[in-house]
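Q: Below is a structure I'd like to ask you about.
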Amino acid sequence: ILLYLNELNKVILINIRKFKPKPGINAQLAAGLSLLSSISGAEIQGSRIGSNEIVLTKGYNDLNIQKNLTMDCGTAGSITLMIQISLPLSIYQNKSVYLTLIGGTDVSFAPPIDHTINVLFPLLSCMGFRYDLIDLPIRRGFYPIGGGKVSLKIYKISDVLNPIDMTIQGDITKISCYIATTLTNELIDNVKKEIKRNFRINLHINQQVGREIPLDIYIDNSSQKPNNQNRKKSNRNSPNYVSSIQVCIETSTSCI
């Protein structure tokens, strides 16, 4: 849509999220629109929470200015969706774009951050995309409190993105399981055992048997269990324990 501004100068979007339980712009979308405006130079009117209409007007975008942006959506809004909003514009700047995004890293109805790092980014890297994660380790943010933080540097691409072919699945060569959790160590061990048991069953069903397939399980339990003080900050109760499980399967044809 922003590309159309080069020709039309103005684009109006109406009925935003019209059929959602809470129609109109939410905090996550408002943060994403603010990012788009900062990266592209476009002027966006009406991008407040609850608005069902926005007006995009062509602005001035100096491609040679270093962009170092911080965006806090103020909720557990998905950081990974904010990353996806930013990528198409960021890679075509003349200088790298630095993003610091605050919100939810592992929330419902959005890819967890482990998917972005271990699936999306590797596939985009095959197309010429380059990035760096900075200010590690990542700070996890769960629903409904949020507070997660991801910082990254997105490099400009030299030409165009290269096409990739993922039409042939191939054989499974590696399985990686990423678990972000506030569980106790005892419960984590039970989860790991159940994951291994389920994979043995499913690999047998899919006839991926008779050969050794590496299964690596990575645990991030650095996030503290939500406490009562934090719970009072939200208008809904936080669960006692939170977990996000992301499974990545690699194949002989470089599919993930």
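Each chain in the structure tokens gets a letter, A, B and so on, in the order shown; residues start at 1 in every chain, and ligands are counted from 1 in the order they appear.
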So which residues of stretch 31-158 of chain A fall under alpha helix (DSSP H) by DSSP, listed as a ChimeraX atom specification?
A: /A:31-40,79-90,113-115,121-125
Q: Report as a tab-separated table the residues of stretch 38-87 of chain A within 12 Å of stretch 110-119 of chain A, each with its shortest atom pair and distance in Å (one decimal), using only C-alpha atoms, ordered by chain and increasing residue number.
A:
residue	atom	partner	partner_atom	distance
A:Ala76	CA	A:Ala110	CA	11.1
A:Gly77	CA	A:Ala110	CA	9.2
A:Ser78	CA	A:Ala110	CA	6.5
A:Ile79	CA	A:Ile113	CA	7.6
A:Thr80	CA	A:Ile113	CA	6.0
A:Leu81	CA	A:Ala110	CA	6.9
A:Met82	CA	A:Ala110	CA	10.4
A:Ile83	CA	A:Thr116	CA	8.8
A:Gln84	CA	A:Thr116	CA	9.1
A:Leu87	CA	A:Thr116	CA	11.9
Q: Within 10 Å of stretch 141-155 of chain A, which residues of stretch 59-118 of chain A show up? Give each one with its shortest atom-to-atom distance in Å (one decimal) and the two atoms involved, counting only C-alpha atoms, rows by chain then rising residue number, as a Markdown table.
A:
| residue | atom | partner | partner_atom | distance |
| --- | --- | --- | --- | --- |
| A:Asn68 | CA | A:Lys153 | CA | 9.0 |
| A:Leu69 | CA | A:Ser151 | CA | 9.7 |
| A:Thr70 | CA | A:Ser151 | CA | 8.8 |
| A:Met71 | CA | A:Lys149 | CA | 9.8 |
| A:Asp72 | CA | A:Gly147 | CA | 8.6 |
| A:Cys73 | CA | A:Gly146 | CA | 9.2 |
| A:Gly74 | CA | A:Gly146 | CA | 7.8 |
| A:Thr75 | CA | A:Gly146 | CA | 5.5 |
| A:Ala76 | CA | A:Gly146 | CA | 3.7 |
| A:Gly77 | CA | A:Gly146 | CA | 7.2 |
| A:Ser78 | CA | A:Gly146 | CA | 8.8 |
| A:Ile79 | CA | A:Val150 | CA | 7.5 |
| A:Thr80 | CA | A:Val150 | CA | 9.1 |
| A:Ile83 | CA | A:Leu152 | CA | 9.4 |
| A:Ser86 | CA | A:Ile154 | CA | 9.5 |
| A:Leu87 | CA | A:Ile154 | CA | 7.8 |
| A:Ser90 | CA | A:Ile154 | CA | 6.7 |
| A:Ile91 | CA | A:Tyr155 | CA | 6.1 |
| A:Tyr92 | CA | A:Tyr155 | CA | 8.8 |
| A:Gln93 | CA | A:Tyr155 | CA | 8.5 |
| A:Asn94 | CA | A:Tyr155 | CA | 9.0 |
| A:Lys95 | CA | A:Tyr155 | CA | 7.1 |
| A:Ser96 | CA | A:Tyr155 | CA | 4.4 |
| A:Val97 | CA | A:Ile154 | CA | 5.2 |
| A:Tyr98 | CA | A:Lys153 | CA | 4.5 |
| A:Leu99 | CA | A:Leu152 | CA | 5.4 |
| A:Thr100 | CA | A:Ser151 | CA | 4.3 |
| A:Leu101 | CA | A:Val150 | CA | 5.4 |
| A:Ile102 | CA | A:Lys149 | CA | 4.5 |
| A:Gly103 | CA | A:Gly146 | CA | 4.8 |
| A:Gly104 | CA | A:Gly141 | CA | 4.4 |
| A:Thr105 | CA | A:Gly141 | CA | 5.0 |
| A:Asp106 | CA | A:Phe142 | CA | 5.5 |
| A:Val107 | CA | A:Tyr143 | CA | 5.7 |
| A:Ser108 | CA | A:Tyr143 | CA | 7.9 |
| A:Ile113 | CA | A:Val150 | CA | 8.8 |
Q: Looking at A:Asn26, A:Asn52, A:Ser254, A:Ser244, which one is nearest to A:Thr182, with distances taken over only C-alpha atoms?
A: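 For A:Thr182, the nearest of the given residues is A:Ser244.
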Q: Just to confirm, what's the straight-line distance from atom CA of A:Phe121 to atom CA of A:Ile195 in Å (one decimal)?
A: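 Interatomic distance, atom CA of A:Phe121 to atom CA of A:Ile195: 24.7 Å.
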Q: How far is it from atom CA of A:Leu123 to atom CA of A:Asp135, in Å with one decimal?
A: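 Between these atoms lies a distance of 22.9 Å.
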Q: Which is closest to A:Ile179 among A:Thr253, A:Ser243, A:Ser223, A:Asn9, if we use only C-alpha atoms?
A: A:Ser243
Q: Just the residues within 12 Å of A:Thr173, please, counting only C-alpha atoms, with nothing from its chain fewer than 3 positions along; format it as a list in words.
A: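 So, after excluding close chain neighbours, the residues are Gln169, Gly170, Ser176, Leu203, Gln208, Val209, Arg211, Glu212, Ile213, Pro214, Leu215, Asp216, Cys248, Ile249, Glu250, Thr251, Ser252, Thr253, Ser254, Cys255 and Ile256 of chain A.
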Q: So that I can see what lies close to A:Lys10, please list as a list of chain:residue names the residues with an atom at most 7 Å from it, counting only C-alpha atoms and leaving out residues fewer than 2 positions away in the same chain.
A: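 These residues fall inside the cut-off: A:Leu5, A:Leu8, A:Ile12, A:Leu56, A:Thr57, A:Lys58.
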